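*Asks:* File target.txt below, compact mmCIF, C-alpha atoms and all ligand atoms:
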# COMPACT_ATOMS: atom_id res chain seq x y z
CA MET A 902 -0.02 -13.25 30.59
CA ASP A 903 2.77 -10.67 30.72
CA ALA A 904 2.03 -7.06 29.86
CA VAL A 905 3.79 -7.20 26.49
CA ARG A 906 2.07 -9.59 24.14
CA ILE A 907 3.89 -11.25 21.26
CA ALA A 908 2.15 -11.65 17.89
CA ILE A 909 2.99 -13.31 14.58
CA VAL A 910 1.21 -12.06 11.44
CA THR A 911 1.77 -14.13 8.30
CA GLY A 912 1.77 -12.36 4.93
CA ALA A 913 2.67 -8.98 6.44
CA SER A 914 4.41 -7.66 3.29
CA SER A 915 1.23 -6.14 1.83
CA GLY A 916 -2.49 -5.48 2.15
CA ILE A 917 -4.41 -6.69 5.19
CA GLY A 918 -1.38 -8.39 6.77
CA TYR A 919 0.79 -5.27 6.48
CA ALA A 920 -1.90 -3.09 8.05
CA THR A 921 -2.69 -5.69 10.72
CA ALA A 922 0.96 -6.05 11.75
CA GLU A 923 1.32 -2.27 11.97
CA GLY A 924 -2.02 -1.92 13.81
CA LEU A 925 -1.13 -4.58 16.39
CA ALA A 926 2.27 -2.92 16.95
CA GLY A 927 0.43 0.38 17.50
CA ALA A 928 -1.88 -1.39 19.95
CA GLY A 929 1.09 -2.46 22.07
CA PHE A 930 1.93 -5.92 20.74
CA THR A 931 5.48 -6.90 19.85
CA VAL A 932 4.89 -8.04 16.30
CA PHE A 933 6.79 -10.42 14.01
CA GLY A 934 5.51 -10.20 10.45
CA THR A 935 6.35 -12.65 7.71
CA SER A 936 6.94 -12.58 3.99
CA ARG A 937 8.61 -15.05 1.66
CA LYS A 938 11.15 -12.35 0.75
CA ILE A 939 12.20 -9.73 3.24
CA LYS A 940 12.25 -6.20 1.84
CA ASN A 941 13.31 -3.03 3.67
CA ASP A 942 9.94 -1.29 3.61
CA GLY A 943 8.01 -3.46 6.08
CA PRO A 944 5.25 -2.24 8.41
CA LYS A 945 6.28 0.32 11.05
CA GLY A 946 7.42 -1.13 14.38
CA VAL A 947 7.32 -4.70 13.07
CA THR A 948 10.20 -7.18 12.84
CA MET A 949 9.92 -8.91 9.48
CA LEU A 950 11.06 -12.53 9.21
CA ALA A 951 11.11 -14.86 6.20
CA CYS A 952 8.55 -17.63 6.04
CA ASP A 953 6.82 -19.63 3.33
CA VAL A 954 3.70 -21.16 4.86
CA THR A 955 3.78 -23.98 2.29
CA ASP A 956 7.14 -25.16 3.65
CA GLU A 957 7.11 -27.13 6.92
CA ALA A 958 10.80 -26.43 7.68
CA SER A 959 10.35 -22.70 7.03
CA VAL A 960 7.34 -22.59 9.42
CA ALA A 961 9.25 -24.52 12.13
CA ALA A 962 12.28 -22.21 11.75
CA LEU A 963 10.06 -19.10 12.05
CA VAL A 964 8.37 -20.30 15.25
CA SER A 965 11.72 -21.30 16.85
CA ASP A 966 13.18 -17.93 15.87
CA VAL A 967 10.29 -15.99 17.45
CA VAL A 968 10.45 -18.07 20.63
CA ALA A 969 14.24 -17.55 20.80
CA ARG A 970 13.79 -13.78 20.42
CA ALA A 971 10.65 -13.19 22.49
CA GLY A 972 10.21 -16.29 24.69
CA LYS A 973 6.51 -16.79 23.85
CA ILE A 974 3.73 -16.35 21.26
CA ASP A 975 0.44 -14.90 22.50
CA LEU A 976 -1.25 -14.30 19.15
CA LEU A 977 -1.04 -15.87 15.70
CA VAL A 978 -2.79 -14.13 12.82
CA ASN A 979 -2.97 -16.53 9.87
CA ASN A 980 -3.37 -13.99 7.10
CA ALA A 981 -1.16 -15.21 4.20
CA GLY A 982 -3.38 -16.13 1.30
CA ILE A 983 -3.87 -15.96 -2.44
CA GLY A 984 -6.90 -15.64 -4.70
CA MET A 985 -8.02 -17.47 -7.81
CA PHE A 986 -11.03 -16.50 -9.89
CA GLY A 987 -12.48 -18.21 -12.94
CA GLY A 988 -14.72 -21.14 -13.84
CA ALA A 989 -14.47 -24.14 -11.50
CA GLU A 990 -13.34 -26.39 -14.36
CA GLU A 991 -10.73 -23.89 -15.51
CA SER A 992 -8.22 -24.83 -12.79
CA SER A 993 -6.33 -28.11 -12.70
CA ILE A 994 -6.24 -30.19 -9.54
CA ALA A 995 -2.52 -29.35 -9.31
CA GLN A 996 -3.38 -25.65 -9.27
CA SER A 997 -6.15 -26.14 -6.74
CA LYS A 998 -3.70 -28.06 -4.52
CA ALA A 999 -1.25 -25.14 -4.77
CA LEU A 1000 -4.01 -22.74 -3.66
CA PHE A 1001 -5.03 -24.99 -0.75
CA ASP A 1002 -1.37 -25.35 0.22
CA VAL A 1003 -1.27 -21.64 1.09
CA ASN A 1004 -4.86 -20.85 2.10
CA VAL A 1005 -5.68 -24.04 4.04
CA PHE A 1006 -2.60 -26.15 4.80
CA GLY A 1007 -0.56 -22.99 5.45
CA VAL A 1008 -3.01 -22.12 8.24
CA MET A 1009 -2.78 -25.67 9.61
CA ARG A 1010 1.05 -25.75 9.44
CA MET A 1011 1.34 -22.47 11.33
CA THR A 1012 -1.28 -23.54 13.88
CA ASN A 1013 0.39 -26.90 14.51
CA ALA A 1014 3.72 -25.15 14.99
CA VAL A 1015 2.51 -22.55 17.52
CA LEU A 1016 0.16 -24.75 19.57
CA PRO A 1017 2.94 -26.52 21.55
CA VAL A 1018 4.33 -23.08 22.47
CA MET A 1019 0.90 -21.75 23.49
CA LYS A 1020 0.11 -24.88 25.51
CA ARG A 1021 3.46 -24.69 27.29
CA GLN A 1022 2.87 -21.05 28.27
CA GLY A 1023 -0.73 -21.71 29.33
CA GLY A 1024 -2.73 -19.79 26.72
CA GLY A 1025 -2.92 -17.92 23.44
CA ARG A 1026 -5.13 -16.83 20.58
CA ILE A 1027 -5.31 -17.76 16.90
CA LEU A 1028 -7.10 -15.54 14.37
CA ASN A 1029 -7.60 -16.87 10.86
CA ILE A 1030 -8.34 -14.41 8.07
CA GLY A 1031 -11.17 -16.09 6.20
CA SER A 1032 -13.52 -14.38 3.78
CA ILE A 1033 -17.19 -13.80 3.24
CA LEU A 1034 -16.63 -16.35 0.45
CA GLY A 1035 -16.15 -18.85 3.27
CA VAL A 1036 -19.75 -18.12 4.25
CA VAL A 1037 -21.33 -17.54 0.85
CA PRO A 1038 -19.89 -19.47 -2.10
CA ALA A 1039 -19.94 -17.15 -5.11
CA PRO A 1040 -19.70 -18.13 -8.77
CA TYR A 1041 -16.26 -18.14 -10.44
CA SER A 1042 -14.45 -18.60 -7.14
CA ALA A 1043 -15.15 -22.29 -6.47
CA HIS A 1044 -11.61 -23.25 -5.41
CA TYR A 1045 -11.04 -20.11 -3.34
CA SER A 1046 -14.54 -20.39 -1.76
CA ALA A 1047 -13.89 -24.08 -1.00
CA ALA A 1048 -10.58 -23.18 0.68
CA LYS A 1049 -12.20 -20.44 2.79
CA HIS A 1050 -15.08 -22.79 3.72
CA ALA A 1051 -12.46 -25.34 4.81
CA ILE A 1052 -10.91 -22.75 7.12
CA GLU A 1053 -14.34 -21.96 8.60
CA GLY A 1054 -14.84 -25.60 9.57
CA TYR A 1055 -11.25 -26.07 10.70
CA THR A 1056 -11.32 -22.98 12.92
CA GLU A 1057 -14.56 -23.93 14.65
CA SER A 1058 -13.45 -27.53 15.32
CA LEU A 1059 -10.07 -26.32 16.53
CA ASP A 1060 -11.65 -23.79 18.88
CA HIS A 1061 -13.65 -26.56 20.61
CA GLU A 1062 -10.48 -28.57 21.21
CA ILE A 1063 -8.01 -25.93 22.36
CA ARG A 1064 -10.26 -24.17 24.84
CA ALA A 1065 -9.10 -26.80 27.34
CA PHE A 1066 -5.63 -25.22 27.09
CA ASN A 1067 -6.88 -21.64 27.46
CA ILE A 1068 -6.32 -21.05 23.74
CA ARG A 1069 -9.07 -19.72 21.47
CA ALA A 1070 -9.43 -19.62 17.69
CA SER A 1071 -11.66 -17.26 15.69
CA ILE A 1072 -12.19 -16.49 12.05
CA ILE A 1073 -12.35 -12.97 10.58
CA GLU A 1074 -14.59 -12.60 7.53
CA PRO A 1075 -13.90 -9.58 5.28
CA ALA A 1076 -15.70 -8.95 1.98
CA TYR A 1077 -13.89 -6.79 -0.60
CA VAL A 1078 -10.79 -5.05 0.76
CA ARG A 1079 -8.69 -2.53 -1.14
CA THR A 1080 -5.41 -4.44 -1.62
CA VAL A 1081 -3.45 -5.89 -4.55
CA PHE A 1082 -5.06 -9.28 -3.82
CA ASP A 1083 -6.70 -9.57 -7.26
CA GLN A 1084 -3.42 -8.71 -9.04
CA ASN A 1085 -1.48 -11.23 -6.90
CA GLY A 1086 -3.97 -14.04 -7.52
CA MET A 1087 -3.40 -17.15 -9.63
CA LYS A 1088 -4.88 -17.17 -13.12
CA PRO A 1089 -6.78 -20.37 -14.01
CA ASP A 1090 -4.29 -22.70 -15.72
CA GLN A 1091 -6.72 -24.38 -18.16
CA GLN A 1092 -8.87 -21.50 -19.40
CA LYS A 1093 -11.78 -22.33 -21.68
CA ALA A 1094 -13.21 -19.92 -24.25
CA GLU A 1095 -16.79 -20.52 -23.08
CA TYR A 1096 -15.88 -18.80 -19.76
CA ASP A 1097 -14.21 -15.77 -21.37
CA ALA A 1098 -17.31 -13.58 -20.92
CA ALA A 1099 -17.78 -14.70 -17.30
CA ARG A 1100 -14.13 -14.03 -16.46
CA ALA A 1101 -14.43 -10.59 -18.05
CA ALA A 1102 -17.60 -9.92 -16.01
CA VAL A 1103 -15.84 -10.87 -12.75
CA ALA A 1104 -12.86 -8.67 -13.68
CA ALA A 1105 -15.29 -5.80 -14.40
CA LEU A 1106 -17.06 -6.39 -11.08
CA LEU A 1107 -13.73 -6.28 -9.22
CA ARG A 1108 -12.72 -3.11 -11.11
CA ASP A 1109 -16.06 -1.61 -9.98
CA VAL A 1110 -16.04 -2.63 -6.33
CA MET A 1111 -12.33 -2.49 -5.43
CA PRO A 1112 -11.95 1.33 -5.51
CA LYS A 1113 -14.97 1.60 -3.16
CA ALA A 1114 -14.04 -1.44 -1.03
CA ASP A 1115 -13.09 -1.31 2.65
CA LEU A 1116 -9.60 -0.11 3.47
CA PRO A 1117 -7.47 -2.68 5.32
CA ASP A 1118 -7.83 -0.56 8.49
CA VAL A 1119 -11.46 -1.70 8.78
CA ILE A 1120 -10.22 -5.28 9.10
CA VAL A 1121 -7.40 -4.26 11.46
CA LYS A 1122 -9.90 -2.84 13.97
CA VAL A 1123 -11.78 -6.15 13.97
CA VAL A 1124 -8.55 -8.14 14.39
CA ILE A 1125 -7.52 -5.99 17.37
CA LYS A 1126 -10.98 -6.45 18.91
CA ALA A 1127 -10.81 -10.22 18.38
CA ALA A 1128 -7.32 -10.29 19.90
CA ASN A 1129 -8.51 -8.37 22.97
CA ASP A 1130 -12.06 -9.68 23.56
CA ARG A 1131 -12.10 -11.45 26.90
CA ILE A 1132 -14.55 -13.98 25.49
CA PRO A 1133 -13.85 -14.10 21.76
CA ARG A 1134 -16.55 -14.85 19.19
CA ARG A 1135 -16.06 -17.74 16.79
CA ARG A 1136 -16.71 -15.50 13.80
CA TYR A 1137 -16.18 -11.80 13.20
CA THR A 1138 -17.57 -10.33 9.99
CA ALA A 1139 -15.38 -7.37 9.03
CA GLY A 1140 -16.79 -4.33 7.24
CA ASN A 1141 -20.27 -3.24 6.23
CA ALA A 1142 -20.48 -5.27 3.02
CA ALA A 1143 -19.52 -8.50 4.82
CA ARG A 1144 -22.05 -7.81 7.57
CA MET A 1145 -24.80 -7.09 5.01
CA ILE A 1146 -24.06 -10.22 2.96
CA SER A 1147 -23.96 -12.37 6.08
CA LEU A 1148 -27.31 -10.96 7.29
CA LEU A 1149 -28.87 -11.38 3.85
CA ARG A 1150 -27.68 -14.99 3.78
CA ARG A 1151 -29.36 -15.64 7.12
CA PHE A 1152 -32.63 -13.81 6.62
CA ALA A 1153 -33.39 -13.61 2.87
CA THR A 1154 -35.12 -16.54 1.20
CA SER A 1155 -32.68 -18.73 -0.70
CA ASN A 1156 -34.35 -17.77 -4.00
CA MET A 1157 -33.99 -14.08 -3.28
CA PHE A 1158 -30.38 -14.56 -2.21
CA ASP A 1159 -29.62 -16.61 -5.33
CA LYS A 1160 -31.10 -13.92 -7.59
CA THR A 1161 -29.16 -11.09 -5.90
CA LEU A 1162 -25.88 -12.98 -6.18
CA ARG A 1163 -26.41 -13.88 -9.85
CA LYS A 1164 -27.32 -10.27 -10.62
CA GLN A 1165 -24.12 -9.04 -8.94
CA PHE A 1166 -22.08 -11.43 -11.07
CA ARG A 1167 -24.06 -10.43 -14.16
CA ILE A 1168 -25.27 -13.97 -14.82
CA ALA A 1169 -28.51 -14.08 -16.78
N1 LIG B 1 -8.45 -8.25 -0.41
C1 LIG B 1 -9.64 -8.80 -0.29
O1 LIG B 1 -10.62 -8.37 -0.93
C2 LIG B 1 -9.85 -9.94 0.68
C3 LIG B 1 -11.17 -10.26 1.06
C4 LIG B 1 -11.40 -11.30 1.94
C5 LIG B 1 -10.33 -12.02 2.46
N2 LIG B 1 -9.05 -11.71 2.10
C6 LIG B 1 -7.96 -12.52 2.67
O2 LIG B 1 -7.04 -11.66 3.31
C7 LIG B 1 -5.74 -12.25 3.32
C8 LIG B 1 -4.72 -11.22 2.84
O3 LIG B 1 -5.06 -10.80 1.54
P1 LIG B 1 -4.66 -9.37 0.96
O4 LIG B 1 -5.86 -8.82 0.30
O5 LIG B 1 -3.96 -8.55 1.97
O6 LIG B 1 -3.67 -9.83 -0.23
P2 LIG B 1 -2.17 -9.42 -0.62
O7 LIG B 1 -2.00 -7.94 -0.51
O8 LIG B 1 -1.95 -10.08 -1.94
O9 LIG B 1 -1.28 -10.11 0.51
C9 LIG B 1 -1.09 -11.48 0.57
C10 LIG B 1 0.03 -11.79 1.55
O10 LIG B 1 0.16 -13.24 1.60
C11 LIG B 1 1.53 -13.55 1.53
N3 LIG B 1 1.74 -14.88 0.94
C12 LIG B 1 1.30 -15.36 -0.25
N4 LIG B 1 1.73 -16.61 -0.43
C13 LIG B 1 2.45 -16.94 0.67
C14 LIG B 1 3.16 -18.10 1.08
N5 LIG B 1 3.25 -19.21 0.34
N6 LIG B 1 3.80 -18.08 2.29
C15 LIG B 1 3.75 -16.97 3.05
N7 LIG B 1 3.11 -15.84 2.72
C16 LIG B 1 2.48 -15.83 1.53
C17 LIG B 1 2.16 -12.44 0.70
O11 LIG B 1 3.51 -12.31 1.11
P3 LIG B 1 4.81 -12.48 0.16
O12 LIG B 1 4.34 -12.50 -1.27
O13 LIG B 1 5.64 -11.30 0.51
O14 LIG B 1 5.41 -13.77 0.62
C18 LIG B 1 1.37 -11.23 1.13
O15 LIG B 1 1.95 -10.60 2.24
C19 LIG B 1 -5.84 -13.50 2.45
O16 LIG B 1 -5.97 -14.64 3.27
C20 LIG B 1 -7.12 -13.28 1.65
O17 LIG B 1 -7.73 -14.51 1.27
C21 LIG B 1 -8.79 -10.69 1.21
Hey, can you dump this file as structure tokens for me?
Ligand SMILES: NC(=O)c1ccc[n+]([C@@H]2O[C@H](COP(=O)([O-])OP(=O)(O)OC[C@H]3O[C@@H](n4cnc5c(N)ncnc54)[C@H](OP(=O)(O)O)[C@@H]3O)[C@@H](O)[C@H]2O)c1

*Replies:*
Amino acid sequence: MDAVRIAIVTGASSGIGYATAEGLAGAGFTVFGTSRKIKNDGPKGVTMLACDVTDEASVAALVSDVVARAGKIDLLVNNAGIGMFGGAEESSIAQSKALFDVNVFGVMRMTNAVLPVMKRQGGGRILNIGSILGVVPAPYSAHYSAAKHAIEGYTESLDHEIRAFNIRASIIEPAYVRTVFDQNGMKPDQQKAEYDAARAAVAALLRDVMPKADLPDVIVKVVIKAANDRIPRRRYTAGNAARMISLLRRFATSNMFDKTLRKQFRIA
């Protein structure tokens, strides 16, 4: 590969994507960040381009534009995503489809669009921003957890297939990160009174943990490592909380794990 590497970061208008785009630019990549609406205050050193990952034509136009400007794509960071928290039965199928359209099919659309470019140039890397909720399904996040679990499976299958083309795919698994993610999330569209207390408990938990959560920079360091590792890992937990939860999941008994999780979510 040439000395200057070209990266696309989806959802670079805020939070983890913003910091990742800026961090990769600082690490020497030429970075194209995306947002559905381009504003003037994008990440430093990053060219912002419009893209809606739920729109096939928008994704195709973005990839053609980057190839026209830079000639290649070495790294794709699939970061764009939205949250949704509430009881599993509080979201309609239509709403769940809308969530999957960004968090799952958006990743697949972007991946399908860059793979021909990466194959043509003889290599590349894809990093999908998953979540610890893709490892541990938590209560009141069934649709979001299901979407992040889908990305876990998709990434691992994909990685087996594309190694033949010198392309690798990995998933990055943060826990809580200090962004506006919870404010930007979808609210369940068929709320039921019997979940009011649970929703309030989750909101209280987020209010508690978010001010102490990892800063996006913690995730950026892991992304840069995953982009540079000569032999990338399939999964990278990002941050202490994610590492602890992942270890607990592996080594604690399932009863103990269950109890700890229910206590955290204040479920009797
Ligand atoms: N924050 C956390 O605690 C946390 C923990 C684990 C994993 N994550 C994951 O990290 C990723 C980034 O989250 P964040 O915390 O940085 O949230 P954020 O600050 O709300 O940023 C979300 C980004 O996604 C973009 N986006 C949303 N819908 C899109 C669409 N249809 N097409 C293109 N872009 C779209 C937004 O861009 P525009 O609105 O400008 O288009 C925005 O830049 C997500 O995948 C999330 O699941 C977050």

*Asks:* Return as a PDB file with C-alpha atoms, keeping the file's coordinate frame every polymer residue, whether protein, DNA or RNA, with at least one atom no more than 8 Å from an atom of ligand LIG 1 (chain B); count only C-alpha atoms and all ligand atoms.

*Replies:*
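Listed below is the output, part.pdb:
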ATOM      1  CA  THR A 911       1.770 -14.130   8.300  1.00  0.00           C
ATOM      2  CA  GLY A 912       1.770 -12.360   4.930  1.00  0.00           C
ATOM      3  CA  ALA A 913       2.670  -8.980   6.440  1.00  0.00           C
ATOM      4  CA  SER A 914       4.410  -7.660   3.290  1.00  0.00           C
ATOM      5  CA  SER A 915       1.230  -6.140   1.830  1.00  0.00           C
ATOM      6  CA  GLY A 916      -2.490  -5.480   2.150  1.00  0.00           C
ATOM      7  CA  ILE A 917      -4.410  -6.690   5.190  1.00  0.00           C
ATOM      8  CA  GLY A 918      -1.380  -8.390   6.770  1.00  0.00           C
ATOM      9  CA  TYR A 919       0.790  -5.270   6.480  1.00  0.00           C
ATOM     10  CA  THR A 935       6.350 -12.650   7.710  1.00  0.00           C
ATOM     11  CA  SER A 936       6.940 -12.580   3.990  1.00  0.00           C
ATOM     12  CA  ARG A 937       8.610 -15.050   1.660  1.00  0.00           C
ATOM     13  CA  LYS A 938      11.150 -12.350   0.750  1.00  0.00           C
ATOM     14  CA  ILE A 939      12.200  -9.730   3.240  1.00  0.00           C
ATOM     15  CA  CYS A 952       8.550 -17.630   6.040  1.00  0.00           C
ATOM     16  CA  ASP A 953       6.820 -19.630   3.330  1.00  0.00           C
ATOM     17  CA  VAL A 954       3.700 -21.160   4.860  1.00  0.00           C
ATOM     18  CA  THR A 955       3.780 -23.980   2.290  1.00  0.00           C
ATOM     19  CA  ASP A 956       7.140 -25.160   3.650  1.00  0.00           C
ATOM     20  CA  ASN A 979      -2.970 -16.530   9.870  1.00  0.00           C
ATOM     21  CA  ASN A 980      -3.370 -13.990   7.100  1.00  0.00           C
ATOM     22  CA  ALA A 981      -1.160 -15.210   4.200  1.00  0.00           C
ATOM     23  CA  GLY A 982      -3.380 -16.130   1.300  1.00  0.00           C
ATOM     24  CA  ILE A 983      -3.870 -15.960  -2.440  1.00  0.00           C
ATOM     25  CA  GLY A 984      -6.900 -15.640  -4.700  1.00  0.00           C
ATOM     26  CA  ASP A1002      -1.370 -25.350   0.220  1.00  0.00           C
ATOM     27  CA  VAL A1003      -1.270 -21.640   1.090  1.00  0.00           C
ATOM     28  CA  ASN A1004      -4.860 -20.850   2.100  1.00  0.00           C
ATOM     29  CA  GLY A1007      -0.560 -22.990   5.450  1.00  0.00           C
ATOM     30  CA  ILE A1030      -8.340 -14.410   8.070  1.00  0.00           C
ATOM     31  CA  GLY A1031     -11.170 -16.090   6.200  1.00  0.00           C
ATOM     32  CA  SER A1032     -13.520 -14.380   3.780  1.00  0.00           C
ATOM     33  CA  ILE A1033     -17.190 -13.800   3.240  1.00  0.00           C
ATOM     34  CA  LEU A1034     -16.630 -16.350   0.450  1.00  0.00           C
ATOM     35  CA  TYR A1045     -11.040 -20.110  -3.340  1.00  0.00           C
ATOM     36  CA  LYS A1049     -12.200 -20.440   2.790  1.00  0.00           C
ATOM     37  CA  GLU A1074     -14.590 -12.600   7.530  1.00  0.00           C
ATOM     38  CA  PRO A1075     -13.900  -9.580   5.280  1.00  0.00           C
ATOM     39  CA  ALA A1076     -15.700  -8.950   1.980  1.00  0.00           C
ATOM     40  CA  TYR A1077     -13.890  -6.790  -0.600  1.00  0.00           C
ATOM     41  CA  VAL A1078     -10.790  -5.050   0.760  1.00  0.00           C
ATOM     42  CA  ARG A1079      -8.690  -2.530  -1.140  1.00  0.00           C
ATOM     43  CA  THR A1080      -5.410  -4.440  -1.620  1.00  0.00           C
ATOM     44  CA  VAL A1081      -3.450  -5.890  -4.550  1.00  0.00           C
ATOM     45  CA  PHE A1082      -5.060  -9.280  -3.820  1.00  0.00           C
ATOM     46  CA  ASP A1083      -6.700  -9.570  -7.260  1.00  0.00           C
ATOM     47  CA  GLN A1084      -3.420  -8.710  -9.040  1.00  0.00           C
ATOM     48  CA  ASN A1085      -1.480 -11.230  -6.900  1.00  0.00           C
ATOM     49  CA  GLY A1086      -3.970 -14.040  -7.520  1.00  0.00           C
ATOM     50  CA  MET A1111     -12.330  -2.490  -5.430  1.00  0.00           C
ATOM     51  CA  ALA A1114     -14.040  -1.440  -1.030  1.00  0.00           C
ATOM     52  CA  PRO A1117      -7.470  -2.680   5.320  1.00  0.00           C
TER      53      PRO A1117
END

*Asks:* How many Å separate CA of Leu925 in chain A from CA of Gly1035 in chain A?

*Replies:*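 Taking CA of Leu925 in chain A and CA of Gly1035 in chain A, their separation equals 24.5 Å.
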
*Asks:* One decimal, in Å: what's the spacing between CA of Leu1106 in chain A and CA of Gln1165 in chain A?

*Replies:* 7.8 Å

*Asks:* Rounded to one decimal place, report the CA of Ala971 in chain A-CA of Phe933 in chain A distance in Å.

*Replies:* 9.7 Å

*Asks:* Neighbours of Arg1131 in chain A within 12 Å (all atoms listed in the file; same-chain residues fewer than 4 positions away dropped), as a PyMOL selection string?

*Replies:* chain A and resi 1025-1026+1067-1069+1125-1127

*Asks:* At a cut-off of 9 Å, using only C-alpha atoms, what residues contact Gln1022 in chain A? Leave out same-chain residues fewer than 2 positions from it and give the result as a list in words.

*Replies:*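 Listed by chain and then number, they are Met902, Lys973, Ile974, Asp975, Pro1017, Val1018, Met1019, Lys1020, Gly1024 and Gly1025 of chain A.
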
*Asks:* Skipping near chain neighbours, those fewer than 4 positions away, what residues fall within 12 Å of Leu1149 in chain A using only C-alpha atoms, listed as a ChimeraX atom specification?

*Replies:* /A:1033,1036-1037,1142-1145,1153-1162

*Asks:* At a cut-off of 9 Å, using all atoms listed in the file, what residues contact range 988-1001 of chain A? Leave out same-chain residues fewer than 5 positions from it and give the result as an mmCIF file with C-alpha atoms, keeping the file's coordinate frame.

*Replies:*
data_model
loop_
_atom_site.group_PDB
_atom_site.id
_atom_site.type_symbol
_atom_site.label_atom_id
_atom_site.label_comp_id
_atom_site.auth_asym_id
_atom_site.auth_seq_id
_atom_site.Cartn_x
_atom_site.Cartn_y
_atom_site.Cartn_z
ATOM 1 C CA THR A 955 3.780 -23.980 2.290
ATOM 2 C CA GLY A 982 -3.380 -16.130 1.300
ATOM 3 C CA ILE A 983 -3.870 -15.960 -2.440
ATOM 4 C CA PHE A 1006 -2.600 -26.150 4.800
ATOM 5 C CA GLY A 1007 -0.560 -22.990 5.450
ATOM 6 C CA PRO A 1040 -19.700 -18.130 -8.770
ATOM 7 C CA TYR A 1041 -16.260 -18.140 -10.440
ATOM 8 C CA SER A 1042 -14.450 -18.600 -7.140
ATOM 9 C CA ALA A 1043 -15.150 -22.290 -6.470
ATOM 10 C CA HIS A 1044 -11.610 -23.250 -5.410
ATOM 11 C CA TYR A 1045 -11.040 -20.110 -3.340
ATOM 12 C CA ALA A 1047 -13.890 -24.080 -1.000
ATOM 13 C CA ALA A 1048 -10.580 -23.180 0.680
ATOM 14 C CA MET A 1087 -3.400 -17.150 -9.630
ATOM 15 C CA LYS A 1088 -4.880 -17.170 -13.120
ATOM 16 C CA PRO A 1089 -6.780 -20.370 -14.010
ATOM 17 C CA ASP A 1090 -4.290 -22.700 -15.720
ATOM 18 C CA GLN A 1091 -6.720 -24.380 -18.160
ATOM 19 C CA GLN A 1092 -8.870 -21.500 -19.400
ATOM 20 C CA LYS A 1093 -11.780 -22.330 -21.680
ATOM 21 C CA TYR A 1096 -15.880 -18.800 -19.760
ATOM 22 C CA ALA A 1099 -17.780 -14.700 -17.300
ATOM 23 C CA ARG A 1100 -14.130 -14.030 -16.460
#

*Asks:* Quick one: of A:Val1005, A:Ala1128, A:Phe1166, A:Ile1073, who's nearest to Asp1109 in chain A, counting only C-alpha atoms?

*Replies:*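 That would be A:Phe1166, the residue with the smallest distance to Asp1109 in chain A.
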
*Asks:* Which is closer to Val978 in chain A than all the others in A:Thr1138, A:Thr948, A:Thr931, A:Ser1071, using only C-alpha atoms?

*Replies:*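 Of all the options, A:Ser1071 lies closest to Val978 in chain A.
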
*Asks:* Between A:Arg1135, A:Arg1167, A:Lys940, A:Lys945, which residue has the minimum interatomic distance to Tyr1055 in chain A, considering all atoms listed in the file?

*Replies:* A:Arg1135

*Asks:* Given only C-alpha atoms as the basis, pick out the residue of A:Val910, A:Met1011, A:Gly946, A:Lys1164 nearest to Ala926 in chain A.

*Replies:*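 Of A:Val910, A:Met1011, A:Gly946, A:Lys1164, the one nearest Ala926 in chain A, counting only C-alpha atoms, is A:Gly946.
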
*Asks:* Which neighbours of Asp1060 in chain A fall inside 7 Å, counting only C-alpha atoms, when residues of the same chain fewer than 4 positions from it are skipped, and could you give them as a list in words?

*Replies:*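 In the requested format, the answer is Thr1056, Arg1064, Arg1069 and Ala1070 of chain A.
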
*Asks:* Can you work out which one of A:Ala1139, A:Ile1052, A:Val1008, A:Ile909 has the shortest atom-to-atom distance to Lys1122 in chain A, counting all atoms listed in the file?

*Replies:*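 Of the candidates, the smallest distance to Lys1122 in chain A is held by A:Ala1139.
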
*Asks:* How about completing range 1080-1086 of chain A with N, CA, C and O atoms and giving it to me as an mmCIF file, in the frame of the given file?

*Replies:*
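result38.cif, written as the output of this step:
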data_model
loop_
_atom_site.group_PDB
_atom_site.id
_atom_site.type_symbol
_atom_site.label_atom_id
_atom_site.label_comp_id
_atom_site.auth_asym_id
_atom_site.auth_seq_id
_atom_site.Cartn_x
_atom_site.Cartn_y
_atom_site.Cartn_z
ATOM 1 N N THR A 1080 -6.803 -3.990 -1.652
ATOM 2 C CA THR A 1080 -5.410 -4.440 -1.620
ATOM 3 C C THR A 1080 -5.038 -4.857 -3.050
ATOM 4 O O THR A 1080 -5.856 -4.730 -3.964
ATOM 5 N N VAL A 1081 -3.844 -5.426 -3.208
ATOM 6 C CA VAL A 1081 -3.450 -5.890 -4.550
ATOM 7 C C VAL A 1081 -3.755 -7.378 -4.710
ATOM 8 O O VAL A 1081 -3.202 -8.053 -5.572
ATOM 9 N N PHE A 1082 -4.678 -7.870 -3.855
ATOM 10 C CA PHE A 1082 -5.060 -9.280 -3.820
ATOM 11 C C PHE A 1082 -5.437 -9.823 -5.202
ATOM 12 O O PHE A 1082 -4.978 -10.888 -5.596
ATOM 13 N N ASP A 1083 -6.258 -9.044 -5.945
ATOM 14 C CA ASP A 1083 -6.700 -9.570 -7.260
ATOM 15 C C ASP A 1083 -5.537 -9.628 -8.250
ATOM 16 O O ASP A 1083 -5.446 -10.559 -9.043
ATOM 17 N N GLN A 1084 -4.588 -8.657 -8.145
ATOM 18 C CA GLN A 1084 -3.420 -8.710 -9.040
ATOM 19 C C GLN A 1084 -2.479 -9.869 -8.667
ATOM 20 O O GLN A 1084 -1.837 -10.449 -9.527
ATOM 21 N N ASN A 1085 -2.405 -10.183 -7.363
ATOM 22 C CA ASN A 1085 -1.480 -11.230 -6.900
ATOM 23 C C ASN A 1085 -2.034 -12.643 -7.095
ATOM 24 O O ASN A 1085 -1.315 -13.626 -6.901
ATOM 25 N N GLY A 1086 -3.326 -12.725 -7.458
ATOM 26 C CA GLY A 1086 -3.970 -14.040 -7.520
ATOM 27 C C GLY A 1086 -3.472 -14.920 -8.655
ATOM 28 O O GLY A 1086 -2.817 -14.445 -9.586
#
